[in-house]
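Q: One structure coming up, written as structure tokens, with questions to follow.
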Amino acid sequence: MNKQNLKNNFEECIGNTPLIKLKIASEISGCNIYGKCEFLNPGGSVKDRAAYQIIKDALKNKEIQSGGTIVEGTAGNTGIGLCLVGNSLGLQSTIVIPRSQSKEKKEMLKLCGAKLVEVDALPYSNPGNYIRVSEKISKEISNPNGVLWANQFDNLSNKKAHYLSTGPEIYDSFSGNLDGFICSIGTGGTIAGVSGYLKEKDKKIKVCIADPMGSAMYNYFKNGVLESSGTSITEGIGQGRITKNLENVIVDDSFQVNDAEALELIFEMLKHEGLILGGSSGINIMGAIKLAKEIGPNKNIVTILCDYGTKYQSKIFNKEFLESKNLPIPKWL
Ligand code: PMP
């Protein structure tokens with residue numbers, strides 16, 4: 001009997017995801033580009049890690065107990081993670097999501113039993129913004145067992161999850177031979193936690209960000225200004241402010257990736273590598289290729305494969321949608 005594979009519950013299945021060498025990205029760039037298979041987490045995304053840490057810390061601090069309610073504003077994945085970890089631990093979930101997010105994520109949230117509140121996609125400065133609405137709802141509802149506003153953007157349990165798990169898992173896989181790490185920013189939890197751990201171990205590891213159009217992070221880490229231009233169909237990434245999780249993060253360089261570059265790669269990888277990835281993974285891998293071209297050849301670079309492409313089937317695998325946005329279309333659709 002292999003005891004390592006015996007898990008007691010949903011939460012124990014989070015993390016320890018494999019790193020897979022990405023064929024096309026490595027061939028194009030002359031480096032070894034590896035993707036961390038976060039889509040293999042039980043809720044299907046990198047956000048299971050943050051969701052579990054947020055709930056674990058809140059239970060420990062007695063902010064909530066069994067029977068309590070979690071409230072969160074999310075592009076979907078954090079909500080799915082919170083709802084599933086919550087179900088496993090006897091908690092209820094109320095999730096606020098912008099209407100613009102994929103119907104697949106919204107349907108998954110409903111089937112998991114979350115109370116779903118859809119709001120218009122509005123900037124953070126507007127009180128109708130999904131994050132602001134989730135805070136308001138958390139203050140309005142009452143539950144004798146506690147109401148927790150997960151507040152993933154500014155709750156430091158988020159980056160702690162990646163400092164304690166994602167970072168060490170990546171570092172330990174390379175026996176000191178890791179040269180670079182790159183990922184995009186939603187809350188900033190992944191980049192901040194992983195960067196914190198890797199830089200502590202070895203300052204020479206280059207930590208960079210990949211940023212979609214319409215996000216201010218590229219300009220911020222390149223020129224120190226929170227400015228953006230353009231738009232992106234990717235979900236869960238892009239940011240216009242320095243969240244608490246991003247404060248004091250060490251980022252060596254930033255790379256901008258447009259949707260067409262990311263989608264071409266996603267379609268090629270599905271056809272030739274058997275990986276069906278979501279939009280943010282495409283941004284990340286294209287960012288890794290750009291980083292590799294600067295620091296390569298023959299370097300070991302890691303990025304994050306955040307979630308499956310099936311979560312966006314109605315968008316990135318939908319010919320009419322792609323045509324309407326003037327984006328590349330997979331040849332077989
Ligand atoms: N990719 C996807 C698909 C996501 O849902 C998220 C989280 N919003 C991210 C990337 C970014 O991760 P983080 O919040 O840790 O910056």
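Every chain in the structure tokens takes a letter, A first, then B, and so on in the order presented; its residues are numbered from 1, and the ligands are numbered from 1 following the presented order.
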Do you know which residues are at most 6 Å from Cys37 (chain A) counting only C-alpha atoms, after dropping those on the same chain fewer than 5 positions away, and could you put them as JSON, numbers by chain?

A: {"A": [17, 18, 305]}

Q: List all protein, DNA and RNA residues that have an atom no more than 6 Å from any atom of ligand 1, counting only C-alpha atoms and all ligand atoms, and report them as a list in words.

A: Asn77, Ile185, Gly186, Thr187, Gly188, Gly189, Thr190, Glu235, Gly236, Ile237, Ser280, Cys306 and Asp307 of chain A

Q: Compile the contact shell of Leu148 (chain A) as number ranges by chain: residues with an atom at most 10 Å away, counting only C-alpha atoms, same-chain residues fewer than 3 positions apart removed.

A: A: 54-55, 58-59, 63-65, 68-72, 93, 135, 138-139, 143, 145, 151

Q: For the strand (DSSP E) assignment from backbone DSSP, which residues of region 11-233 of chain A qualify? Please present them as JSON, numbers by chain.

A: {"A": [19, 20, 21, 32, 33, 34, 35, 36, 37, 69, 70, 71, 72, 73, 92, 93, 94, 95, 96, 97, 98, 115, 116, 117, 118, 119, 147, 148, 149, 180, 181, 182, 183, 206, 207, 208, 209, 210, 211, 212]}

Q: May I have the residues within 10 Å of region 285-292 of chain A as an mmCIF file with all heavy atoms, in the first residue's frame, using only C-alpha atoms and disregarding those fewer than 5 positions away in the same chain?

A:
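For reference, around-v9.cif as written:
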```
data_model
loop_
_atom_site.group_PDB
_atom_site.id
_atom_site.type_symbol
_atom_site.label_atom_id
_atom_site.label_comp_id
_atom_site.auth_asym_id
_atom_site.auth_seq_id
_atom_site.Cartn_x
_atom_site.Cartn_y
_atom_site.Cartn_z
ATOM 1 N N LEU A 22 7.187 21.670 -21.579
ATOM 2 C CA LEU A 22 6.321 22.104 -22.676
ATOM 3 C C LEU A 22 7.111 22.052 -23.983
ATOM 4 O O LEU A 22 8.091 22.776 -24.160
ATOM 5 C CB LEU A 22 5.781 23.516 -22.398
ATOM 6 C CG LEU A 22 5.049 23.668 -21.045
ATOM 7 C CD1 LEU A 22 4.594 25.108 -20.833
ATOM 8 C CD2 LEU A 22 3.865 22.706 -20.943
ATOM 9 N N ILE A 24 6.437 22.626 -27.406
ATOM 10 C CA ILE A 24 6.505 23.708 -28.402
ATOM 11 C C ILE A 24 7.252 24.918 -27.837
ATOM 12 O O ILE A 24 8.162 25.458 -28.474
ATOM 13 C CB ILE A 24 5.085 24.117 -28.866
ATOM 14 C CG1 ILE A 24 4.428 22.943 -29.588
ATOM 15 C CG2 ILE A 24 5.131 25.361 -29.757
ATOM 16 C CD1 ILE A 24 2.944 23.136 -29.894
ATOM 17 N N ALA A 25 6.900 25.309 -26.611
ATOM 18 C CA ALA A 25 7.548 26.481 -26.001
ATOM 19 C C ALA A 25 9.060 26.261 -25.872
ATOM 20 O O ALA A 25 9.856 27.173 -26.111
ATOM 21 C CB ALA A 25 6.926 26.768 -24.634
ATOM 22 N N SER A 26 9.469 25.043 -25.524
ATOM 23 C CA SER A 26 10.898 24.749 -25.360
ATOM 24 C C SER A 26 11.602 24.765 -26.716
ATOM 25 O O SER A 26 12.694 25.322 -26.857
ATOM 26 C CB SER A 26 11.097 23.394 -24.669
ATOM 27 O OG SER A 26 10.509 23.414 -23.385
ATOM 28 N N GLU A 27 10.945 24.176 -27.730
ATOM 29 C CA GLU A 27 11.544 24.138 -29.074
ATOM 30 C C GLU A 27 11.730 25.539 -29.640
ATOM 31 O O GLU A 27 12.807 25.890 -30.131
ATOM 32 C CB GLU A 27 10.633 23.344 -30.022
ATOM 33 C CG GLU A 27 11.018 21.868 -30.105
ATOM 34 C CD GLU A 27 9.924 21.044 -30.792
ATOM 35 O OE1 GLU A 27 9.185 21.608 -31.646
ATOM 36 O OE2 GLU A 27 9.810 19.860 -30.451
ATOM 37 N N ILE A 28 10.685 26.362 -29.539
ATOM 38 C CA ILE A 28 10.745 27.729 -30.096
ATOM 39 C C ILE A 28 11.853 28.531 -29.419
ATOM 40 O O ILE A 28 12.551 29.321 -30.046
ATOM 41 C CB ILE A 28 9.409 28.495 -29.862
ATOM 42 C CG1 ILE A 28 8.257 27.854 -30.594
ATOM 43 C CG2 ILE A 28 9.535 29.963 -30.253
ATOM 44 C CD1 ILE A 28 6.902 28.540 -30.294
ATOM 45 N N SER A 29 12.013 28.339 -28.105
ATOM 46 C CA SER A 29 12.857 29.255 -27.328
ATOM 47 C C SER A 29 14.279 28.759 -27.081
ATOM 48 O O SER A 29 15.139 29.538 -26.689
ATOM 49 C CB SER A 29 12.201 29.508 -25.970
ATOM 50 O OG SER A 29 12.219 28.323 -25.207
ATOM 51 N N GLY A 30 14.514 27.463 -27.263
ATOM 52 C CA GLY A 30 15.847 26.911 -26.980
ATOM 53 C C GLY A 30 16.113 26.731 -25.494
ATOM 54 O O GLY A 30 17.235 26.462 -25.069
ATOM 55 N N CYS A 31 15.091 26.911 -24.661
ATOM 56 C CA CYS A 31 15.207 26.684 -23.216
ATOM 57 C C CYS A 31 14.330 25.500 -22.814
ATOM 58 O O CYS A 31 13.594 24.954 -23.635
ATOM 59 C CB CYS A 31 14.754 27.927 -22.446
ATOM 60 S SG CYS A 31 15.958 29.268 -22.472
ATOM 61 N N ASN A 32 14.448 25.069 -21.569
ATOM 62 C CA ASN A 32 13.527 24.056 -21.049
ATOM 63 C C ASN A 32 12.435 24.794 -20.302
ATOM 64 O O ASN A 32 12.660 25.285 -19.197
ATOM 65 C CB ASN A 32 14.242 23.105 -20.090
ATOM 66 C CG ASN A 32 15.435 22.451 -20.751
ATOM 67 O OD1 ASN A 32 15.306 21.900 -21.845
ATOM 68 N ND2 ASN A 32 16.595 22.545 -20.113
ATOM 69 N N ILE A 33 11.264 24.888 -20.930
ATOM 70 C CA ILE A 33 10.143 25.586 -20.285
ATOM 71 C C ILE A 33 9.189 24.543 -19.702
ATOM 72 O O ILE A 33 8.727 23.636 -20.405
ATOM 73 C CB ILE A 33 9.426 26.520 -21.270
ATOM 74 C CG1 ILE A 33 10.393 27.627 -21.725
ATOM 75 C CG2 ILE A 33 8.181 27.141 -20.615
ATOM 76 C CD1 ILE A 33 9.814 28.658 -22.668
ATOM 77 N N TYR A 34 8.963 24.658 -18.414
ATOM 78 C CA TYR A 34 8.090 23.722 -17.701
ATOM 79 C C TYR A 34 6.822 24.443 -17.242
ATOM 80 O O TYR A 34 6.885 25.596 -16.816
ATOM 81 C CB TYR A 34 8.783 23.157 -16.453
ATOM 82 C CG TYR A 34 9.917 22.212 -16.769
ATOM 83 C CD1 TYR A 34 11.195 22.694 -17.040
ATOM 84 C CD2 TYR A 34 9.697 20.834 -16.797
ATOM 85 C CE1 TYR A 34 12.240 21.827 -17.337
ATOM 86 C CE2 TYR A 34 10.738 19.958 -17.092
ATOM 87 C CZ TYR A 34 11.995 20.459 -17.358
ATOM 88 O OH TYR A 34 13.019 19.597 -17.652
ATOM 89 N N GLY A 35 5.708 23.719 -17.293
ATOM 90 C CA GLY A 35 4.439 24.270 -16.805
ATOM 91 C C GLY A 35 3.991 23.511 -15.572
ATOM 92 O O GLY A 35 4.026 22.273 -15.546
ATOM 93 N N ASP A 179 16.375 28.698 -13.378
ATOM 94 C CA ASP A 179 16.875 30.002 -13.828
ATOM 95 C C ASP A 179 15.807 31.090 -13.852
ATOM 96 O O ASP A 179 16.120 32.267 -13.715
ATOM 97 C CB ASP A 179 17.467 29.864 -15.237
ATOM 98 C CG ASP A 179 18.598 28.864 -15.276
ATOM 99 O OD1 ASP A 179 19.654 29.164 -14.685
ATOM 100 O OD2 ASP A 179 18.415 27.776 -15.858
ATOM 101 N N GLY A 180 14.548 30.695 -14.085
ATOM 102 C CA GLY A 180 13.525 31.732 -14.203
ATOM 103 C C GLY A 180 12.138 31.238 -13.835
ATOM 104 O O GLY A 180 11.826 30.045 -13.938
ATOM 105 N N PHE A 181 11.308 32.188 -13.374
ATOM 106 C CA PHE A 181 9.898 31.900 -13.110
ATOM 107 C C PHE A 181 9.098 33.075 -13.641
ATOM 108 O O PHE A 181 9.484 34.225 -13.479
ATOM 109 C CB PHE A 181 9.635 31.730 -11.604
ATOM 110 C CG PHE A 181 8.159 31.595 -11.297
ATOM 111 C CD1 PHE A 181 7.521 30.377 -11.467
ATOM 112 C CD2 PHE A 181 7.415 32.694 -10.877
ATOM 113 C CE1 PHE A 181 6.156 30.250 -11.220
ATOM 114 C CE2 PHE A 181 6.042 32.573 -10.631
ATOM 115 C CZ PHE A 181 5.419 31.340 -10.802
ATOM 116 N N ILE A 182 7.968 32.761 -14.274
ATOM 117 C CA ILE A 182 7.119 33.840 -14.791
ATOM 118 C C ILE A 182 5.654 33.437 -14.680
ATOM 119 O O ILE A 182 5.305 32.282 -14.913
ATOM 120 C CB ILE A 182 7.489 34.195 -16.262
ATOM 121 C CG1 ILE A 182 6.647 35.371 -16.787
ATOM 122 C CG2 ILE A 182 7.351 32.994 -17.203
ATOM 123 C CD1 ILE A 182 7.219 36.031 -18.033
ATOM 124 N N CYS A 183 4.814 34.392 -14.274
ATOM 125 C CA CYS A 183 3.364 34.158 -14.347
ATOM 126 C C CYS A 183 2.649 35.507 -14.394
ATOM 127 O O CYS A 183 3.253 36.557 -14.171
ATOM 128 C CB CYS A 183 2.860 33.286 -13.205
ATOM 129 S SG CYS A 183 2.782 34.096 -11.607
ATOM 130 N N SER A 184 1.366 35.441 -14.689
ATOM 131 C CA SER A 184 0.552 36.650 -14.759
ATOM 132 C C SER A 184 -0.042 36.959 -13.390
ATOM 133 O O SER A 184 0.107 36.176 -12.456
ATOM 134 C CB SER A 184 -0.546 36.466 -15.806
ATOM 135 O OG SER A 184 -1.183 35.222 -15.615
ATOM 136 N N LYS A 206 15.534 34.508 -11.982
ATOM 137 C CA LYS A 206 14.851 35.675 -12.528
ATOM 138 C C LYS A 206 13.340 35.489 -12.389
ATOM 139 O O LYS A 206 12.780 34.531 -12.904
ATOM 140 C CB LYS A 206 15.248 35.835 -13.995
ATOM 141 C CG LYS A 206 15.320 37.236 -14.403
ATOM 142 C CD LYS A 206 16.155 37.531 -15.600
ATOM 143 C CE LYS A 206 15.917 39.012 -15.790
ATOM 144 N NZ LYS A 206 16.289 39.649 -16.896
ATOM 145 N N VAL A 207 12.690 36.395 -11.662
ATOM 146 C CA VAL A 207 11.240 36.307 -11.460
ATOM 147 C C VAL A 207 10.564 37.431 -12.252
ATOM 148 O O VAL A 207 10.875 38.601 -12.055
ATOM 149 C CB VAL A 207 10.879 36.407 -9.961
ATOM 150 C CG1 VAL A 207 9.368 36.418 -9.775
ATOM 151 C CG2 VAL A 207 11.491 35.236 -9.185
ATOM 152 N N CYS A 208 9.673 37.042 -13.164
ATOM 153 C CA CYS A 208 9.074 38.023 -14.078
ATOM 154 C C CYS A 208 7.563 37.860 -14.145
ATOM 155 O O CYS A 208 7.026 36.854 -13.721
ATOM 156 C CB CYS A 208 9.634 37.831 -15.489
ATOM 157 S SG CYS A 208 11.423 37.946 -15.545
ATOM 158 N N ILE A 209 6.922 38.871 -14.705
ATOM 159 C CA ILE A 209 5.475 38.752 -14.910
ATOM 160 C C ILE A 209 5.128 38.798 -16.408
ATOM 161 O O ILE A 209 5.806 39.460 -17.202
ATOM 162 C CB ILE A 209 4.659 39.818 -14.147
ATOM 163 C CG1 ILE A 209 4.945 41.226 -14.677
ATOM 164 C CG2 ILE A 209 4.918 39.762 -12.654
ATOM 165 C CD1 ILE A 209 3.727 42.102 -14.682
ATOM 166 N N ALA A 210 4.058 38.069 -16.730
ATOM 167 C CA ALA A 210 3.473 38.111 -18.079
ATOM 168 C C ALA A 210 2.141 38.825 -17.903
ATOM 169 O O ALA A 210 1.361 38.467 -17.023
ATOM 170 C CB ALA A 210 3.255 36.700 -18.589
ATOM 171 N N ASP A 211 1.907 39.848 -18.713
ATOM 172 C CA ASP A 211 0.712 40.671 -18.498
ATOM 173 C C ASP A 211 -0.125 40.766 -19.768
ATOM 174 O O ASP A 211 0.407 41.024 -20.846
ATOM 175 C CB ASP A 211 1.155 42.076 -18.048
ATOM 176 C CG ASP A 211 0.118 42.769 -17.180
ATOM 177 O OD1 ASP A 211 -0.586 42.069 -16.427
ATOM 178 O OD2 ASP A 211 0.019 44.002 -17.247
ATOM 179 N N PRO A 212 -1.455 40.559 -19.645
ATOM 180 C CA PRO A 212 -2.309 40.726 -20.833
ATOM 181 C C PRO A 212 -2.530 42.206 -21.123
ATOM 182 O O PRO A 212 -2.281 43.064 -20.276
ATOM 183 C CB PRO A 212 -3.625 40.061 -20.390
ATOM 184 C CG PRO A 212 -3.664 40.253 -18.906
ATOM 185 C CD PRO A 212 -2.225 40.211 -18.437
ATOM 186 N N ASP A 253 11.461 41.624 -14.162
ATOM 187 C CA ASP A 253 11.140 42.172 -15.478
ATOM 188 C C ASP A 253 9.698 41.813 -15.833
ATOM 189 O O ASP A 253 9.112 40.920 -15.209
ATOM 190 C CB ASP A 253 12.090 41.590 -16.540
ATOM 191 C CG ASP A 253 12.224 42.503 -17.755
ATOM 192 O OD1 ASP A 253 11.498 43.514 -17.827
ATOM 193 O OD2 ASP A 253 13.047 42.186 -18.639
ATOM 194 N N SER A 254 9.146 42.541 -16.805
ATOM 195 C CA SER A 254 7.775 42.209 -17.196
ATOM 196 C C SER A 254 7.651 42.140 -18.717
ATOM 197 O O SER A 254 8.379 42.811 -19.449
ATOM 198 C CB SER A 254 6.787 43.207 -16.593
ATOM 199 O OG SER A 254 7.046 44.511 -17.022
ATOM 200 N N PHE A 255 6.746 41.280 -19.160
ATOM 201 C CA PHE A 255 6.527 41.031 -20.585
ATOM 202 C C PHE A 255 5.041 41.136 -20.878
ATOM 203 O O PHE A 255 4.223 40.616 -20.122
ATOM 204 C CB PHE A 255 7.028 39.628 -20.962
ATOM 205 C CG PHE A 255 8.496 39.436 -20.734
ATOM 206 C CD1 PHE A 255 8.967 39.025 -19.488
ATOM 207 C CD2 PHE A 255 9.413 39.704 -21.743
ATOM 208 C CE1 PHE A 255 10.328 38.877 -19.259
ATOM 209 C CE2 PHE A 255 10.775 39.556 -21.528
ATOM 210 C CZ PHE A 255 11.238 39.137 -20.275
ATOM 211 N N GLN A 256 4.714 41.807 -21.995
ATOM 212 C CA GLN A 256 3.318 41.969 -22.365
ATOM 213 C C GLN A 256 2.977 40.944 -23.453
ATOM 214 O O GLN A 256 3.772 40.714 -24.360
ATOM 215 C CB GLN A 256 3.127 43.385 -22.920
ATOM 216 C CG GLN A 256 1.747 43.912 -22.754
ATOM 217 C CD GLN A 256 1.699 45.420 -22.981
ATOM 218 O OE1 GLN A 256 2.492 45.978 -23.751
ATOM 219 N NE2 GLN A 256 0.775 46.076 -22.321
ATOM 220 N N VAL A 257 1.811 40.323 -23.318
ATOM 221 C CA VAL A 257 1.397 39.304 -24.290
ATOM 222 C C VAL A 257 -0.022 39.630 -24.745
ATOM 223 O O VAL A 257 -0.899 39.880 -23.910
ATOM 224 C CB VAL A 257 1.426 37.895 -23.658
ATOM 225 C CG1 VAL A 257 0.984 36.843 -24.673
ATOM 226 C CG2 VAL A 257 2.818 37.550 -23.105
ATOM 227 N N ASN A 258 -0.259 39.615 -26.071
ATOM 228 C CA ASN A 258 -1.630 39.889 -26.528
ATOM 229 C C ASN A 258 -2.407 38.584 -26.709
ATOM 230 O O ASN A 258 -1.840 37.495 -26.725
ATOM 231 C CB ASN A 258 -1.634 40.784 -27.772
ATOM 232 C CG ASN A 258 -1.037 40.090 -28.987
ATOM 233 O OD1 ASN A 258 -1.318 38.922 -29.260
ATOM 234 N ND2 ASN A 258 -0.201 40.815 -29.726
ATOM 235 N N GLU A 261 -1.458 36.089 -29.618
ATOM 236 C CA GLU A 261 -0.254 35.280 -29.340
ATOM 237 C C GLU A 261 -0.584 34.129 -28.398
ATOM 238 O O GLU A 261 -0.150 32.995 -28.587
ATOM 239 C CB GLU A 261 0.819 36.146 -28.642
ATOM 240 C CG GLU A 261 1.439 37.232 -29.479
ATOM 241 C CD GLU A 261 2.380 38.105 -28.635
ATOM 242 O OE1 GLU A 261 1.930 38.771 -27.682
ATOM 243 O OE2 GLU A 261 3.577 38.101 -28.950
ATOM 244 N N ALA A 262 -1.353 34.437 -27.362
ATOM 245 C CA ALA A 262 -1.699 33.416 -26.361
ATOM 246 C C ALA A 262 -2.581 32.327 -26.970
ATOM 247 O O ALA A 262 -2.351 31.130 -26.738
ATOM 248 C CB ALA A 262 -2.410 34.073 -25.174
ATOM 249 N N LEU A 263 -3.565 32.733 -27.769
ATOM 250 C CA LEU A 263 -4.506 31.747 -28.331
ATOM 251 C C LEU A 263 -3.838 30.846 -29.367
ATOM 252 O O LEU A 263 -4.075 29.635 -29.383
ATOM 253 C CB LEU A 263 -5.715 32.465 -28.951
ATOM 254 C CG LEU A 263 -6.695 33.065 -27.936
ATOM 255 C CD1 LEU A 263 -7.810 33.818 -28.649
ATOM 256 C CD2 LEU A 263 -7.307 31.994 -27.042
ATOM 257 N N GLU A 264 -2.991 31.417 -30.240
ATOM 258 C CA GLU A 264 -2.264 30.591 -31.238
ATOM 259 C C GLU A 264 -1.540 29.464 -30.519
ATOM 260 O O GLU A 264 -1.556 28.319 -30.953
ATOM 261 C CB GLU A 264 -1.203 31.435 -31.989
ATOM 262 C CG GLU A 264 -1.728 32.579 -32.825
ATOM 263 C CD GLU A 264 -2.016 32.177 -34.266
ATOM 264 O OE1 GLU A 264 -2.086 30.967 -34.527
ATOM 265 O OE2 GLU A 264 -2.218 33.101 -35.097
ATOM 266 N N LEU A 265 -0.897 29.816 -29.413
ATOM 267 C CA LEU A 265 -0.115 28.846 -28.644
ATOM 268 C C LEU A 265 -1.034 27.790 -28.005
ATOM 269 O O LEU A 265 -0.760 26.592 -28.044
ATOM 270 C CB LEU A 265 0.651 29.620 -27.567
ATOM 271 C CG LEU A 265 1.847 28.978 -26.920
ATOM 272 C CD1 LEU A 265 2.843 28.473 -27.936
ATOM 273 C CD2 LEU A 265 2.516 29.980 -25.979
ATOM 274 N N ILE A 266 -2.139 28.243 -27.439
ATOM 275 C CA ILE A 266 -3.094 27.315 -26.806
ATOM 276 C C ILE A 266 -3.592 26.288 -27.834
ATOM 277 O O ILE A 266 -3.642 25.082 -27.546
ATOM 278 C CB ILE A 266 -4.284 28.110 -26.196
ATOM 279 C CG1 ILE A 266 -3.840 28.817 -24.923
ATOM 280 C CG2 ILE A 266 -5.471 27.189 -25.906
ATOM 281 C CD1 ILE A 266 -4.876 29.760 -24.341
ATOM 282 N N SER A 280 -5.271 32.311 -19.498
ATOM 283 C CA SER A 280 -4.158 32.836 -18.695
ATOM 284 C C SER A 280 -2.914 31.955 -18.829
ATOM 285 O O SER A 280 -1.789 32.456 -18.778
ATOM 286 C CB SER A 280 -4.559 32.999 -17.224
ATOM 287 O OG SER A 280 -4.748 31.754 -16.591
ATOM 288 N N PRO A 297 20.212 30.528 -24.373
ATOM 289 C CA PRO A 297 19.494 29.249 -24.418
ATOM 290 C C PRO A 297 19.803 28.347 -23.218
ATOM 291 O O PRO A 297 20.610 28.716 -22.357
ATOM 292 C CB PRO A 297 20.045 28.623 -25.712
ATOM 293 C CG PRO A 297 21.450 29.150 -25.811
ATOM 294 C CD PRO A 297 21.405 30.539 -25.228
ATOM 295 N N ASN A 298 19.171 27.201 -23.241
ATOM 296 C CA ASN A 298 19.418 26.104 -22.277
ATOM 297 C C ASN A 298 19.137 26.444 -20.814
ATOM 298 O O ASN A 298 19.756 25.879 -19.915
ATOM 299 C CB ASN A 298 20.870 25.592 -22.410
ATOM 300 C CG ASN A 298 21.163 25.138 -23.824
ATOM 301 O OD1 ASN A 298 20.312 24.514 -24.460
ATOM 302 N ND2 ASN A 298 22.330 25.483 -24.333
ATOM 303 N N LYS A 299 18.256 27.375 -20.573
ATOM 304 C CA LYS A 299 17.894 27.708 -19.192
ATOM 305 C C LYS A 299 16.615 26.961 -18.787
ATOM 306 O O LYS A 299 15.816 26.588 -19.644
ATOM 307 C CB LYS A 299 17.659 29.226 -19.054
ATOM 308 C CG LYS A 299 18.913 30.067 -19.346
ATOM 309 C CD LYS A 299 19.876 29.980 -18.193
ATOM 310 C CE LYS A 299 20.945 31.037 -18.203
ATOM 311 N NZ LYS A 299 22.038 30.780 -19.131
ATOM 312 N N ASN A 300 16.454 26.740 -17.485
ATOM 313 C CA ASN A 300 15.231 26.106 -16.969
ATOM 314 C C ASN A 300 14.275 27.185 -16.468
ATOM 315 O O ASN A 300 14.611 27.938 -15.543
ATOM 316 C CB ASN A 300 15.554 25.161 -15.811
ATOM 317 C CG ASN A 300 16.363 23.966 -16.278
ATOM 318 O OD1 ASN A 300 16.150 23.466 -17.384
ATOM 319 N ND2 ASN A 300 17.288 23.511 -15.451
ATOM 320 N N ILE A 301 13.124 27.238 -17.095
ATOM 321 C CA ILE A 301 12.131 28.282 -16.763
ATOM 322 C C ILE A 301 10.796 27.604 -16.426
ATOM 323 O O ILE A 301 10.386 26.658 -17.111
ATOM 324 C CB ILE A 301 11.953 29.247 -17.954
ATOM 325 C CG1 ILE A 301 13.261 29.999 -18.212
ATOM 326 C CG2 ILE A 301 10.807 30.238 -17.702
ATOM 327 C CD1 ILE A 301 13.308 30.794 -19.486
ATOM 328 N N VAL A 302 10.149 28.102 -15.382
ATOM 329 C CA VAL A 302 8.850 27.541 -14.963
ATOM 330 C C VAL A 302 7.751 28.589 -15.105
ATOM 331 O O VAL A 302 7.970 29.770 -14.819
ATOM 332 C CB VAL A 302 8.918 27.051 -13.493
ATOM 333 C CG1 VAL A 302 7.521 26.734 -12.950
ATOM 334 C CG2 VAL A 302 9.802 25.812 -13.376
ATOM 335 N N THR A 303 6.597 28.128 -15.551
ATOM 336 C CA THR A 303 5.411 28.982 -15.511
ATOM 337 C C THR A 303 4.216 28.174 -14.996
ATOM 338 O O THR A 303 4.344 26.992 -14.682
ATOM 339 C CB THR A 303 5.129 29.653 -16.870
ATOM 340 O OG1 THR A 303 4.132 30.667 -16.659
ATOM 341 C CG2 THR A 303 4.632 28.673 -17.912
ATOM 342 N N ILE A 304 3.074 28.835 -14.888
ATOM 343 C CA ILE A 304 1.887 28.221 -14.271
ATOM 344 C C ILE A 304 0.832 27.901 -15.335
ATOM 345 O O ILE A 304 0.481 28.768 -16.136
ATOM 346 C CB ILE A 304 1.277 29.192 -13.219
ATOM 347 C CG1 ILE A 304 2.298 29.586 -12.146
ATOM 348 C CG2 ILE A 304 0.009 28.613 -12.597
ATOM 349 C CD1 ILE A 304 2.619 28.529 -11.119
ATOM 350 N N LEU A 305 0.350 26.674 -15.319
ATOM 351 C CA LEU A 305 -0.782 26.279 -16.169
ATOM 352 C C LEU A 305 -2.008 26.330 -15.262
ATOM 353 O O LEU A 305 -2.318 25.398 -14.535
ATOM 354 C CB LEU A 305 -0.553 24.876 -16.758
ATOM 355 C CG LEU A 305 0.825 24.646 -17.428
ATOM 356 C CD1 LEU A 305 0.918 23.251 -18.026
ATOM 357 C CD2 LEU A 305 1.115 25.702 -18.492
#
```

Q: Please list as an MDAnalysis selection string every residue within 12 Å of Tyr52 (chain A), counting only C-alpha atoms and excluding residues in the same chain fewer than 2 positions away.

A: chainID A and resid 10:15 41:43 46:50 54:59 70 78:89 150 152 157:162 165

Q: Between CA of Glu118 (chain A) and CA of Thr234 (chain A), what is the distance, to one decimal in Å?

A: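 Answer for the CA of Glu118 (chain A) to CA of Thr234 (chain A) separation: 18.4 Å.
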
Q: Identify, on the basis of only C-alpha atoms, every residue whose closest approach to Ile316 (chain A) does not exceed 10 Å; exclude the query and any residue fewer than 6 positions from it along the same chain; express the result as a VMD selection string.

A: chain A and resid 102 233 to 234 263 266 to 267 277 to 279 309 to 310 322 327 to 330

Q: Output as a PyMOL selection string all residues of region 10-185 of chain A that backbone DSSP marks as alpha helix (DSSP H).

A: chain A and resi 23-29+47-60+77-89+103-111+130-140+157-161+167-172
